[in-house]
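The file model-v2.tsv comes next; it holds TSV, C-alpha atoms and all ligand atoms.
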```
chain	number	residue	atom	x	y	z
A	900	PHE	CA	86.26	110.85	175.49
A	901	TRP	CA	90.01	110.65	175.51
A	902	THR	CA	91.17	114.12	176.54
A	903	ASN	CA	92.72	112.69	179.70
A	904	VAL	CA	94.92	110.16	177.92
A	905	PRO	CA	98.54	111.16	178.66
A	906	LYS	CA	101.31	110.61	176.14
A	907	GLY	CA	103.03	107.31	176.85
A	908	LEU	CA	106.79	106.90	176.99
A	909	SER	CA	108.18	105.25	173.88
A	910	ASP	CA	109.86	101.90	174.39
A	911	PRO	CA	113.56	102.54	175.03
A	912	ILE	CA	114.70	99.86	172.56
A	913	LEU	CA	112.23	100.61	169.76
A	914	GLY	CA	112.90	104.37	170.17
A	915	ILE	CA	116.53	103.83	169.24
A	916	SER	CA	115.63	102.22	165.91
A	917	GLU	CA	113.52	105.28	165.16
A	918	ALA	CA	116.43	107.65	165.89
A	919	PHE	CA	118.69	105.45	163.74
A	920	ARG	CA	116.29	105.65	160.81
A	921	LYS	CA	116.25	109.44	160.98
A	922	ASP	CA	120.07	109.69	160.99
A	923	HIS	CA	121.43	110.21	157.45
A	924	TYR	CA	125.13	109.79	158.27
A	925	GLN	CA	126.61	107.24	155.89
A	926	ARG	CA	128.60	105.21	158.42
A	927	LYS	CA	125.88	105.06	161.09
A	928	VAL	CA	125.68	101.75	162.95
A	929	ASN	CA	122.65	100.29	164.72
A	930	LEU	CA	123.67	98.23	167.75
A	931	GLY	CA	120.34	98.77	169.48
A	932	ILE	CA	118.09	96.16	167.99
A	933	GLY	CA	118.33	92.49	168.94
A	934	ALA	CA	118.13	90.96	165.48
A	935	TYR	CA	120.81	88.95	163.70
A	936	ARG	CA	122.59	90.50	160.72
A	937	ASP	CA	125.03	88.88	158.29
A	938	ASP	CA	128.48	90.29	157.59
A	939	ASP	CA	126.96	92.78	155.12
A	940	GLY	CA	124.60	94.09	157.78
A	941	ASN	CA	121.55	92.46	156.19
A	942	PRO	CA	118.83	90.29	157.78
A	943	TRP	CA	119.56	86.61	157.23
A	944	THR	CA	117.12	83.86	156.28
A	945	LEU	CA	118.49	80.60	157.69
A	946	PRO	CA	119.12	78.06	154.86
A	947	SER	CA	117.20	75.43	156.89
A	948	VAL	CA	114.23	77.82	157.06
A	949	ALA	CA	114.48	78.61	153.32
A	950	LYS	CA	114.28	74.88	152.52
A	951	ALA	CA	111.34	74.38	154.88
A	952	LYS	CA	109.52	77.25	153.15
A	953	GLU	CA	110.01	75.52	149.80
A	954	ILE	CA	108.60	72.26	151.15
A	955	ILE	CA	105.58	74.10	152.58
A	956	LEU	CA	105.00	76.02	149.35
A	957	ASN	CA	105.10	72.83	147.30
A	958	SER	CA	102.65	71.12	149.65
A	959	ASN	CA	99.82	73.50	148.70
A	960	LEU	CA	98.51	73.70	152.24
A	961	ASP	CA	95.42	75.69	153.20
A	962	HIS	CA	95.00	78.60	155.59
A	963	GLU	CA	92.40	77.22	157.98
A	964	TYR	CA	92.44	78.36	161.62
A	965	LEU	CA	94.64	76.50	164.04
A	966	PRO	CA	93.01	75.32	167.26
A	967	THR	CA	93.71	77.66	170.20
A	968	GLU	CA	96.43	75.36	171.54
A	969	GLY	CA	98.30	75.58	168.22
A	970	LEU	CA	99.86	73.16	165.74
A	971	ASN	CA	100.29	69.78	167.42
A	972	THR	CA	103.45	68.71	165.58
A	973	PHE	CA	105.01	72.05	166.50
A	974	ARG	CA	104.02	71.78	170.18
A	975	LYS	CA	105.48	68.29	170.46
A	976	THR	CA	108.83	68.97	168.81
A	977	ALA	CA	109.24	72.39	170.43
A	978	ALA	CA	108.81	70.82	173.87
A	979	LEU	CA	111.24	68.05	172.95
A	980	LEU	CA	113.79	70.62	171.80
A	981	ALA	CA	113.58	72.44	175.13
A	982	TYR	CA	113.31	69.61	177.64
A	983	GLY	CA	115.06	66.80	175.79
A	984	GLN	CA	113.72	63.25	175.99
A	985	CYS	CA	112.51	62.93	179.61
A	986	PRO	CA	109.85	61.15	181.69
A	987	GLU	CA	107.78	64.34	181.87
A	988	ILE	CA	107.25	64.10	178.10
A	989	SER	CA	106.49	60.38	177.96
A	990	GLU	CA	104.10	60.68	180.94
A	991	ASN	CA	102.22	63.62	179.36
A	992	ARG	CA	103.23	65.92	182.20
A	993	ILE	CA	104.01	68.96	180.08
A	994	ALA	CA	101.05	71.22	179.43
A	995	SER	CA	101.80	73.39	176.40
A	996	VAL	CA	100.16	75.87	174.09
A	997	GLN	CA	101.60	77.63	171.07
A	998	SER	CA	102.09	81.33	171.79
A	999	LEU	CA	102.75	84.64	170.05
A	1000	SER	CA	106.53	84.22	170.27
A	1001	GLY	CA	108.40	84.59	173.56
A	1002	THR	CA	106.50	87.68	174.65
A	1003	GLY	CA	103.18	85.91	174.15
A	1004	ALA	CA	104.43	82.86	176.06
A	1005	LEU	CA	105.44	85.04	178.99
A	1006	ARG	CA	102.09	86.86	178.86
A	1007	LEU	CA	100.11	83.62	178.79
A	1008	GLY	CA	102.20	82.11	181.59
A	1009	MET	CA	101.79	85.13	183.79
A	1010	ALA	CA	98.05	85.29	183.10
A	1011	PHE	CA	97.90	81.62	184.12
A	1012	ILE	CA	99.79	82.41	187.34
A	1013	ASN	CA	97.48	85.32	188.06
A	1014	ARG	CA	94.38	83.19	187.61
A	1015	PHE	CA	95.46	79.95	189.26
A	1016	TYR	CA	98.63	80.23	191.36
A	1017	PRO	CA	97.50	79.46	194.90
A	1018	HIS	CA	100.13	81.66	196.61
A	1019	HIS	CA	101.01	85.35	196.51
A	1020	LYS	CA	101.43	86.57	192.96
A	1021	VAL	CA	104.89	88.06	193.21
A	1022	ILE	CA	107.49	87.60	190.50
A	1023	TYR	CA	111.20	88.30	191.01
A	1024	VAL	CA	113.14	89.32	187.91
A	1025	PRO	CA	116.90	89.77	187.63
A	1026	LYS	CA	118.32	93.27	187.98
A	1027	PRO	CA	118.82	94.18	185.17
A	1028	THR	CA	116.55	92.25	182.83
A	1029	TRP	CA	114.94	92.58	179.40
A	1030	THR	CA	112.82	95.72	179.82
A	1031	ASN	CA	109.59	94.09	178.70
A	1032	HIS	CA	109.55	91.52	181.53
A	1033	LYS	CA	108.28	94.09	184.01
A	1034	ASN	CA	105.63	95.43	181.61
A	1035	ILE	CA	104.32	91.96	180.91
A	1036	ALA	CA	104.23	90.99	184.59
A	1037	ARG	CA	102.46	94.18	185.66
A	1038	ASP	CA	99.90	93.99	182.86
A	1039	SER	CA	99.24	90.39	183.92
A	1040	GLY	CA	98.43	91.57	187.44
A	1041	LEU	CA	101.59	90.34	189.15
A	1042	GLU	CA	103.69	92.28	191.63
A	1043	VAL	CA	107.24	92.73	190.32
A	1044	ARG	CA	110.34	92.68	192.50
A	1045	GLU	CA	114.00	92.34	191.59
A	1046	TYR	CA	116.85	90.09	192.65
A	1047	SER	CA	120.53	91.04	192.33
A	1048	TYR	CA	122.16	89.69	189.22
A	1049	TYR	CA	125.04	91.80	187.93
A	1050	ASP	CA	128.02	93.44	189.57
A	1051	PRO	CA	129.18	96.46	187.53
A	1052	ASP	CA	132.57	96.44	189.29
A	1053	THR	CA	133.54	92.89	188.35
A	1054	LYS	CA	131.37	92.97	185.19
A	1055	GLY	CA	130.22	89.52	186.23
A	1056	LEU	CA	127.42	87.80	188.09
A	1057	ASP	CA	126.69	89.20	191.56
A	1058	PHE	CA	126.24	85.64	192.71
A	1059	TYR	CA	126.44	86.14	196.46
A	1060	ASN	CA	123.63	88.71	196.46
A	1061	LEU	CA	121.65	86.76	193.88
A	1062	LEU	CA	121.46	83.78	196.25
A	1063	ARG	CA	120.76	86.02	199.23
A	1064	ASP	CA	117.86	87.81	197.49
A	1065	ILE	CA	116.26	84.59	196.27
A	1066	ASN	CA	116.67	83.12	199.73
A	1067	GLU	CA	115.05	86.13	201.36
A	1068	ALA	CA	112.10	86.27	198.96
A	1069	PRO	CA	108.88	85.13	200.66
A	1070	ARG	CA	108.29	81.39	200.30
A	1071	ASN	CA	106.48	80.35	197.08
A	1072	SER	CA	107.59	83.36	195.05
A	1073	ILE	CA	107.91	83.07	191.29
A	1074	ILE	CA	111.54	83.49	190.16
A	1075	LEU	CA	112.12	84.46	186.55
A	1076	LEU	CA	115.34	83.00	185.13
A	1077	HIS	CA	116.91	83.60	181.72
A	1078	ALA	CA	117.66	80.08	180.49
A	1079	CYS	CA	120.73	81.23	178.53
A	1080	ALA	CA	122.29	84.33	176.97
A	1081	HIS	CA	121.04	86.68	179.67
A	1082	ASN	CA	119.70	89.88	178.15
A	1083	PRO	CA	121.19	92.49	178.63
A	1084	THR	CA	124.30	91.37	180.56
A	1085	GLY	CA	125.48	88.36	178.51
A	1086	GLN	CA	126.34	86.68	181.83
A	1087	ASP	CA	124.98	83.18	182.51
A	1088	PRO	CA	125.39	81.04	185.62
A	1089	THR	CA	127.93	78.19	185.42
A	1090	GLN	CA	126.70	74.61	185.86
A	1091	GLU	CA	127.73	74.72	189.54
A	1092	GLN	CA	125.91	78.00	190.01
A	1093	TRP	CA	122.75	76.58	188.41
A	1094	ALA	CA	122.85	73.82	191.04
A	1095	GLU	CA	123.12	76.38	193.83
A	1096	ILE	CA	120.32	78.51	192.42
A	1097	HIS	CA	118.23	75.36	192.16
A	1098	ASP	CA	118.91	74.45	195.79
A	1099	VAL	CA	117.80	77.81	197.14
A	1100	ILE	CA	114.69	77.88	194.95
A	1101	THR	CA	113.76	74.37	196.08
A	1102	ARG	CA	114.44	75.03	199.77
A	1103	ARG	CA	112.27	78.16	199.66
A	1104	GLN	CA	109.54	76.36	197.67
A	1105	HIS	CA	109.73	78.99	194.94
A	1106	LEU	CA	108.56	78.33	191.40
A	1107	ALA	CA	111.02	78.90	188.54
A	1108	PHE	CA	109.79	80.54	185.35
A	1109	PHE	CA	112.38	80.09	182.59
A	1110	ASP	CA	112.53	82.51	179.70
A	1111	MET	CA	114.35	80.81	176.83
A	1112	ALA	CA	114.58	83.29	173.98
A	1113	TYR	CA	117.98	82.17	172.66
A	1114	GLN	CA	118.18	78.35	172.69
A	1115	GLY	CA	121.04	77.32	170.38
A	1116	PHE	CA	121.95	80.90	169.74
A	1117	ALA	CA	124.23	81.24	172.75
A	1118	SER	CA	126.62	78.30	172.45
A	1119	GLY	CA	125.51	77.05	169.05
A	1120	ASN	CA	124.25	73.87	170.74
A	1121	PRO	CA	120.58	73.75	171.80
A	1122	ASP	CA	121.22	71.02	174.40
A	1123	ASP	CA	123.98	72.98	176.12
A	1124	ASP	CA	121.84	76.10	176.20
A	1125	ALA	CA	119.01	74.18	177.92
A	1126	TYR	CA	121.28	73.00	180.75
A	1127	GLY	CA	119.73	75.09	183.55
A	1128	LEU	CA	116.15	74.28	182.56
A	1129	ARG	CA	116.82	70.54	182.23
A	1130	TYR	CA	118.65	70.49	185.55
A	1131	PHE	CA	115.55	71.80	187.34
A	1132	VAL	CA	113.31	69.29	185.56
A	1133	LYS	CA	115.65	66.38	186.28
A	1134	GLU	CA	115.55	67.36	189.96
A	1135	GLN	CA	111.75	67.04	189.88
A	1136	ASN	CA	110.94	70.72	190.05
A	1137	SER	CA	107.81	72.02	188.43
A	1138	VAL	CA	108.78	74.84	186.10
A	1139	LEU	CA	107.12	77.26	183.72
A	1140	LEU	CA	108.78	77.90	180.36
A	1141	ALA	CA	108.50	80.58	177.68
A	1142	GLN	CA	110.16	79.63	174.38
A	1143	SER	CA	110.78	81.95	171.47
A	1144	PHE	CA	111.73	80.97	167.92
A	1145	ALA	CA	112.48	84.56	166.88
A	1146	LYS	CA	116.27	84.46	167.21
A	1147	ASN	CA	117.24	80.83	166.79
A	1148	PHE	CA	115.15	80.43	163.61
A	1149	GLY	CA	115.28	84.08	162.49
A	1150	LEU	CA	111.47	84.11	162.51
A	1151	TYR	CA	111.08	87.41	164.37
A	1152	ALA	CA	107.86	88.68	162.80
A	1153	GLU	CA	106.18	85.28	162.47
A	1154	ARG	CA	105.54	85.33	166.24
A	1155	ILE	CA	106.24	81.71	167.02
A	1156	GLY	CA	106.66	80.48	170.57
A	1157	LEU	CA	105.50	77.95	173.11
A	1158	PHE	CA	104.36	78.30	176.68
A	1159	SER	CA	104.62	75.16	178.80
A	1160	VAL	CA	104.34	74.11	182.41
A	1161	ILE	CA	105.30	70.86	184.13
A	1162	THR	CA	102.38	69.21	185.90
A	1163	ASP	CA	102.02	66.33	188.37
A	1164	SER	CA	99.92	64.06	186.14
A	1165	SER	CA	98.43	63.56	182.72
A	1166	ALA	CA	95.02	64.59	184.10
A	1167	GLU	CA	96.51	67.82	185.47
A	1168	THR	CA	98.05	68.48	182.03
A	1169	ASP	CA	94.63	68.19	180.38
A	1170	ARG	CA	93.10	70.58	182.90
A	1171	ALA	CA	95.95	73.09	182.58
A	1172	VAL	CA	95.76	73.03	178.76
A	1173	SER	CA	92.00	73.55	178.90
A	1174	GLN	CA	92.52	76.69	181.00
A	1175	LEU	CA	95.38	77.97	178.86
A	1176	LYS	CA	93.07	77.63	175.87
A	1177	ILE	CA	90.43	79.73	177.64
A	1178	LEU	CA	93.04	82.42	178.31
A	1179	GLY	CA	94.36	82.34	174.73
A	1180	ARG	CA	90.89	82.33	173.19
A	1181	ALA	CA	90.01	85.60	174.92
A	1182	MET	CA	93.32	87.26	174.06
A	1183	TYR	CA	93.89	86.33	170.40
A	1184	SER	CA	91.64	83.35	169.66
A	1185	ASN	CA	94.28	81.27	167.89
A	1186	PRO	CA	97.97	81.54	167.04
A	1187	PRO	CA	99.66	82.03	163.64
A	1188	LEU	CA	100.28	79.04	161.43
A	1189	TYR	CA	103.12	79.80	159.03
A	1190	GLY	CA	106.06	79.98	161.44
A	1191	ALA	CA	104.78	76.95	163.35
A	1192	ARG	CA	104.84	74.98	160.09
A	1193	ILE	CA	108.37	76.17	159.39
A	1194	VAL	CA	109.75	75.25	162.83
A	1195	SER	CA	107.93	71.95	162.80
A	1196	THR	CA	109.21	71.09	159.29
A	1197	VAL	CA	112.81	71.92	160.23
A	1198	LEU	CA	112.73	69.99	163.50
A	1199	ASN	CA	110.97	66.96	161.99
A	1200	THR	CA	113.02	66.60	158.79
A	1201	PRO	CA	116.40	65.02	159.62
A	1202	GLU	CA	118.26	66.74	156.80
A	1203	LEU	CA	116.87	70.17	157.74
A	1204	TYR	CA	117.49	69.56	161.42
A	1205	LYS	CA	121.16	68.98	160.59
A	1206	GLN	CA	121.24	72.12	158.48
A	1207	TRP	CA	119.65	74.10	161.33
A	1208	HIS	CA	122.50	73.09	163.63
A	1209	LYS	CA	124.92	74.42	161.03
A	1210	ASP	CA	122.91	77.64	160.81
A	1211	LEU	CA	123.10	78.05	164.58
A	1212	LEU	CA	126.87	77.69	164.40
A	1213	THR	CA	127.03	80.25	161.58
A	1214	MET	CA	125.17	82.80	163.71
A	1215	SER	CA	126.77	82.09	167.09
A	1216	GLY	CA	130.21	81.74	165.46
A	1217	ARG	CA	130.01	85.10	163.70
A	1218	ILE	CA	128.89	86.74	166.92
A	1219	LYS	CA	131.81	85.23	168.85
A	1220	ASP	CA	134.23	86.41	166.12
A	1221	MET	CA	132.84	89.93	166.32
A	1222	ARG	CA	133.23	90.00	170.11
A	1223	VAL	CA	136.89	89.13	169.78
A	1224	ALA	CA	137.40	91.54	166.86
A	1225	LEU	CA	135.89	94.44	168.80
A	1226	VAL	CA	138.13	93.81	171.81
A	1227	GLU	CA	141.20	93.50	169.57
A	1228	LYS	CA	140.41	96.71	167.71
A	1229	LEU	CA	139.93	98.56	171.00
A	1230	LYS	CA	143.35	97.36	172.12
A	1231	GLU	CA	144.83	98.46	168.78
A	1232	LYS	CA	143.35	101.91	169.27
A	1233	GLY	CA	145.27	102.11	172.52
A	1234	SER	CA	142.25	102.05	174.84
A	1235	ARG	CA	143.45	101.93	178.43
A	1236	HIS	CA	140.32	100.13	179.60
A	1237	ASN	CA	139.98	96.39	179.92
A	1238	TRP	CA	137.32	95.22	177.45
A	1239	ASN	CA	137.81	91.47	177.84
A	1240	HIS	CA	134.31	91.05	179.30
A	1241	ILE	CA	132.92	91.78	175.84
A	1242	ALA	CA	134.65	88.69	174.48
A	1243	ASN	CA	133.65	86.56	177.47
A	1244	GLN	CA	129.93	87.37	177.52
A	1245	ILE	CA	127.41	85.11	175.82
A	1246	GLY	CA	124.58	85.62	173.34
A	1247	MET	CA	123.53	88.48	171.15
A	1248	PHE	CA	124.38	91.35	173.48
A	1249	ALA	CA	127.39	92.80	175.21
A	1250	TYR	CA	127.00	94.89	178.30
A	1251	THR	CA	129.88	97.24	177.63
A	1252	GLY	CA	129.94	99.15	180.91
A	1253	LEU	CA	129.52	102.48	179.06
A	1254	ASN	CA	127.55	104.87	181.26
A	1255	PRO	CA	124.47	106.77	179.97
A	1256	ASP	CA	126.52	109.88	179.11
A	1257	GLN	CA	129.05	107.88	177.11
A	1258	SER	CA	126.26	105.94	175.40
A	1259	HIS	CA	124.52	109.20	174.55
A	1260	ASN	CA	127.76	110.62	173.10
A	1261	LEU	CA	128.28	107.50	171.04
A	1262	MET	CA	124.92	108.13	169.38
A	1263	THR	CA	125.03	111.91	168.96
A	1264	LYS	CA	128.72	112.32	168.09
A	1265	ASN	CA	129.57	109.02	166.43
A	1266	HIS	CA	126.22	107.81	165.02
A	1267	VAL	CA	126.57	104.44	166.78
A	1268	TYR	CA	123.20	103.52	168.31
A	1269	LEU	CA	122.74	101.49	171.51
A	1270	THR	CA	120.59	101.51	174.64
A	1271	LEU	CA	121.56	104.02	177.33
A	1272	ASP	CA	122.51	101.22	179.73
A	1273	GLY	CA	125.52	100.52	177.48
A	1274	ARG	CA	124.09	97.38	175.89
A	1275	ILE	CA	125.19	96.73	172.31
A	1276	SER	CA	123.90	94.10	169.93
A	1277	ILE	CA	126.99	92.27	168.68
A	1278	ALA	CA	124.93	91.05	165.72
A	1279	GLY	CA	125.03	94.61	164.36
A	1280	LEU	CA	128.84	94.45	164.06
A	1281	ASN	CA	130.60	93.18	160.94
A	1282	THR	CA	134.07	93.13	159.42
A	1283	LYS	CA	133.34	96.46	157.69
A	1284	ASN	CA	132.17	98.50	160.67
A	1285	VAL	CA	133.92	96.96	163.70
A	1286	GLU	CA	136.94	99.25	163.40
A	1287	TYR	CA	134.75	102.34	163.18
A	1288	VAL	CA	132.78	101.21	166.25
A	1289	ALA	CA	135.99	100.52	168.21
A	1290	GLU	CA	137.26	104.00	167.33
A	1291	ALA	CA	133.96	105.51	168.45
A	1292	ILE	CA	133.90	103.59	171.76
A	1293	ASP	CA	137.50	104.55	172.39
A	1294	SER	CA	136.78	108.21	171.73
A	1295	VAL	CA	133.89	108.40	174.21
A	1296	THR	CA	135.81	106.54	176.92
A	1297	ARG	CA	139.13	108.49	176.81
A	1298	ASN	CA	139.88	110.09	180.24
A	1301	LIG	N1	112.88	87.27	176.43
A	1301	LIG	C1	114.05	87.86	176.22
A	1301	LIG	C2	115.09	87.81	177.28
A	1301	LIG	C3	114.30	88.51	175.01
A	1301	LIG	O1	115.48	89.10	174.81
A	1301	LIG	C4	113.29	88.54	174.02
A	1301	LIG	C5	113.52	89.20	172.71
A	1301	LIG	N2	114.14	90.41	172.72
A	1301	LIG	C6	112.08	87.89	174.31
A	1301	LIG	C7	111.92	87.27	175.51
A	1301	LIG	C8	110.90	87.80	173.40
A	1301	LIG	O2	111.01	88.07	172.09
A	1301	LIG	P1	109.89	87.60	171.06
A	1301	LIG	O3	108.56	87.99	171.65
A	1301	LIG	O4	110.22	88.35	169.84
A	1301	LIG	O5	110.02	86.14	170.94
```

Turn this file's structure into structure tokens for me.
Ligand code: PMP
Amino acid sequence: FWTNVPKGLSDPILGISEAFRKDHYQRKVNLGIGAYRDDDGNPWTLPSVAKAKEIILNSNLDHEYLPTEGLNTFRKTAALLAYGQCPEISENRIASVQSLSGTGALRLGMAFINRFYPHHKVIYVPKPTWTNHKNIARDSGLEVREYSYYDPDTKGLDFYNLLRDINEAPRNSIILLHACAHNPTGQDPTQEQWAEIHDVITRRQHLAFFDMAYQGFASGNPDDDAYGLRYFVKEQNSVLLAQSFAKNFGLYAERIGLFSVITDSSAETDRAVSQLKILGRAMYSNPPLYGARIVSTVLNTPELYKQWHKDLLTMSGRIKDMRVALVEKLKEKGSRHNWNHIANQIGMFAYTGLNPDQSHNLMTKNHVYLTLDGRISIAGLNTKNVEYVAEAIDSVTRN
């Protein structure tokens, strides 16, 4: 039956973890995977999450199915966390369903677009973007196009061409925007630039689809990280939103997320939710419970909510420190290149500017693993390995 099945390409990011596992060199460093590590290089359970787990354990709860739309307390507080207190919430104009983390939220949102969006089903993603965006969009039946985002010469936003491309996209296109901590470039629009992006999108009657995988993780403040999203909503734009709780709660494998869309009325919300439930029911029937309970407990318990803010600062603070440390160590090594962009970028990743050959050498000669586009996960750096990594980067970028 299956003799014609060709071998698929392995995912570029997951493939790197595999190569890292097979490497037995003692000082090897994994900067490929986008997961937070503490200063000893170990996964970190947030103290707020640990306390929520205790509360849940002591409550002796059962394991009954959730409804397809998910845990209600989670849906409510997750939407509040993203949008802030706003008329759309009080008027029941946010249709939401719990999703299988950020990926599942994107998948559900794009399936919804494919089934109900009354215009052409074209989605524009930034160039470059998280590699899975294109897979998800294509598998959801959407046509994928790109808009300019990054200028390798300035190592900053290619803002002029970004606006031009969005302006030239056919009216009513879907525009995917990273809400904060753009992956892989670490470059976010400024507040003024958000306003300009908003103006073009509105003038061209496009629909913005926000992907918010790092709320609170970028600046340490969830409200600041939601600036772009909330600006669009305040200006009365309908938006779609994919939220992930993988990074900001450290709940990677629990697969906790929320898909939501702003509607025109409470009645429209009910209809949209009913259709999202039909889509979810056929894909996975109902979402997981444990992580939803954890997020909901943290966000709804004042003491844990406070602790969570501290946890966000612990993670984002350590990442900022490591950015600065890496740049300093590179200077100490006598590197003639300017690495300041690494310290200025935001979020978990740095887009180093290393080309594929240099990235390849870093892995094969120095046992430092990263994606071939030169993206490194700053979370993989710590006070014990940052000097070694700086030495390795310097050695592959001499000449
Ligand atoms: N969007 C972006 C930009 C991401 O970087 C990620 C995680 N790497 C996701 C979405 C989704 O991750 P998850 O499905 O684990 O929530």

Within 9 Å of ligand LIG 1301 (chain A), counting all atoms listed in the file, residues as a PyMOL selection string: chain A and resi 932-934+999-1005+1028-1032+1077-1083+1110-1113+1141-1146+1150-1156+1247

In the coordinate frame of the file, compute which residues have an atom within 12 Å of (110.3, 91.0, 196.5) when using all atoms listed in the file, and state them as a PDB file with C-alpha atoms, keeping the file's coordinate frame.
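Generated output (part-v1.pdb):
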```pdb
ATOM      1  CA  HIS A1019     101.010  85.350 196.510  1.00  0.00           C
ATOM      2  CA  LYS A1020     101.430  86.570 192.960  1.00  0.00           C
ATOM      3  CA  VAL A1021     104.890  88.060 193.210  1.00  0.00           C
ATOM      4  CA  ILE A1022     107.490  87.600 190.500  1.00  0.00           C
ATOM      5  CA  TYR A1023     111.200  88.300 191.010  1.00  0.00           C
ATOM      6  CA  VAL A1024     113.140  89.320 187.910  1.00  0.00           C
ATOM      7  CA  PRO A1025     116.900  89.770 187.630  1.00  0.00           C
ATOM      8  CA  LYS A1026     118.320  93.270 187.980  1.00  0.00           C
ATOM      9  CA  LEU A1041     101.590  90.340 189.150  1.00  0.00           C
ATOM     10  CA  GLU A1042     103.690  92.280 191.630  1.00  0.00           C
ATOM     11  CA  VAL A1043     107.240  92.730 190.320  1.00  0.00           C
ATOM     12  CA  ARG A1044     110.340  92.680 192.500  1.00  0.00           C
ATOM     13  CA  GLU A1045     114.000  92.340 191.590  1.00  0.00           C
ATOM     14  CA  TYR A1046     116.850  90.090 192.650  1.00  0.00           C
ATOM     15  CA  SER A1047     120.530  91.040 192.330  1.00  0.00           C
ATOM     16  CA  ARG A1063     120.760  86.020 199.230  1.00  0.00           C
ATOM     17  CA  ASP A1064     117.860  87.810 197.490  1.00  0.00           C
ATOM     18  CA  ILE A1065     116.260  84.590 196.270  1.00  0.00           C
ATOM     19  CA  ASN A1066     116.670  83.120 199.730  1.00  0.00           C
ATOM     20  CA  GLU A1067     115.050  86.130 201.360  1.00  0.00           C
ATOM     21  CA  ALA A1068     112.100  86.270 198.960  1.00  0.00           C
ATOM     22  CA  PRO A1069     108.880  85.130 200.660  1.00  0.00           C
ATOM     23  CA  ARG A1070     108.290  81.390 200.300  1.00  0.00           C
ATOM     24  CA  ASN A1071     106.480  80.350 197.080  1.00  0.00           C
ATOM     25  CA  SER A1072     107.590  83.360 195.050  1.00  0.00           C
ATOM     26  CA  ILE A1073     107.910  83.070 191.290  1.00  0.00           C
ATOM     27  CA  ILE A1074     111.540  83.490 190.160  1.00  0.00           C
TER      28      ILE A1074
END
```

CA of Leu1062 in chain A to CA of Arg1102 in chain A, straight-line distance in Å: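 Separation of CA of Arg1102 in chain A and CA of Leu1062 in chain A: 11.8 Å.
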
Closest to Glu1227 in chain A among A:Val1285, A:Leu1007, A:Met1262, A:Ile915, using all atoms listed in the file? A:Val1285

If we count all atoms listed in the file and set the cut-off at 8 Å, which residues sit around range 963-976 of chain A, ignoring sequence neighbours fewer than 2 positions away in its own chain? Please answer as an NGL selection string. :A and (961 or 978-980 or 995-998 or 1157 or 1172 or 1175-1176 or 1179-1180 or 1184-1188 or 1191-1192 or 1194-1195 or 1198-1199)

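Nearest to Leu1056 in chain A of all the residues A:Lys1133, A:Thr1089, A:Val1295, A:Ile1193 is A:Thr1089, based on all atoms listed in the file.
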
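Taking CA of Gly1085 in chain A and CA of Tyr1250 in chain A as endpoints, the distance between them is 6.7 Å.
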
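Checking A:Ser1137, A:Ser1165, A:Gln1257, A:Asn1298 one by one against His1105 in chain A, counting only C-alpha atoms, you find the shortest gap at A:Ser1137.
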
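Every protein, DNA or RNA residue with an atom at most 10 Å from Glu1167 in chain A, where only C-alpha atoms count and chain neighbours fewer than 6 positions away do not, is listed here: Asn991, Arg992, Ile993, Ala994, Ile1161 and Ser1173 of chain A.
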
Have a look at CA of Ile1035 in chain A and CA of Leu1139 in chain A and let me know their distance in Å, one decimal.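 Distance reported for this atom pair: 15.2 Å.
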
Looking at only C-alpha atoms, which of A:Arg1006, A:His1208, A:Thr1296, A:Phe919 is the one that sits closest to Tyr1183 in chain A? A:Arg1006

Residue nearest Ile1277 in chain A - candidates A:Leu1075, A:Leu1178, A:Ile1100, A:Val1226, atoms counted: only C-alpha atoms: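 Of A:Leu1075, A:Leu1178, A:Ile1100, A:Val1226, the one nearest Ile1277 in chain A, counting only C-alpha atoms, is A:Val1226.
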
Pick from A:Lys1228, A:Arg1014, A:Lys1283, A:Lys1209: nearest to Gly1115 in chain A, with only C-alpha atoms counted?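 Ranking A:Lys1228, A:Arg1014, A:Lys1283, A:Lys1209 by distance to Gly1115 in chain A, first place goes to A:Lys1209.
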
How big is the axis-aligned box, and where does its centre sit, when it encloses all atoms of range 1253-1268 of chain A listed in the file and has 5 Å added on every side, reported in Å to one decimal as lines of an AutoDock Vina configuration file?
```
center_x = 126.4
center_y = 107.4
center_z = 173.1
size_x = 16.4
size_y = 19.8
size_z = 26.2
```

Residues at most 8 Å from Asp1210 in chain A, counting only C-alpha atoms, excluding those fewer than 5 positions away in the same chain, as a ChimeraX atom specification? /A:945-947

Could you dump the residues just selected with C-alpha atoms as a compact mmCIF listing (two decimals), in the frame of the given file?
```txt
# COMPACT_ATOMS: atom_id res chain seq x y z
CA LEU A 945 118.49 80.60 157.69
CA PRO A 946 119.12 78.06 154.86
CA SER A 947 117.20 75.43 156.89
```
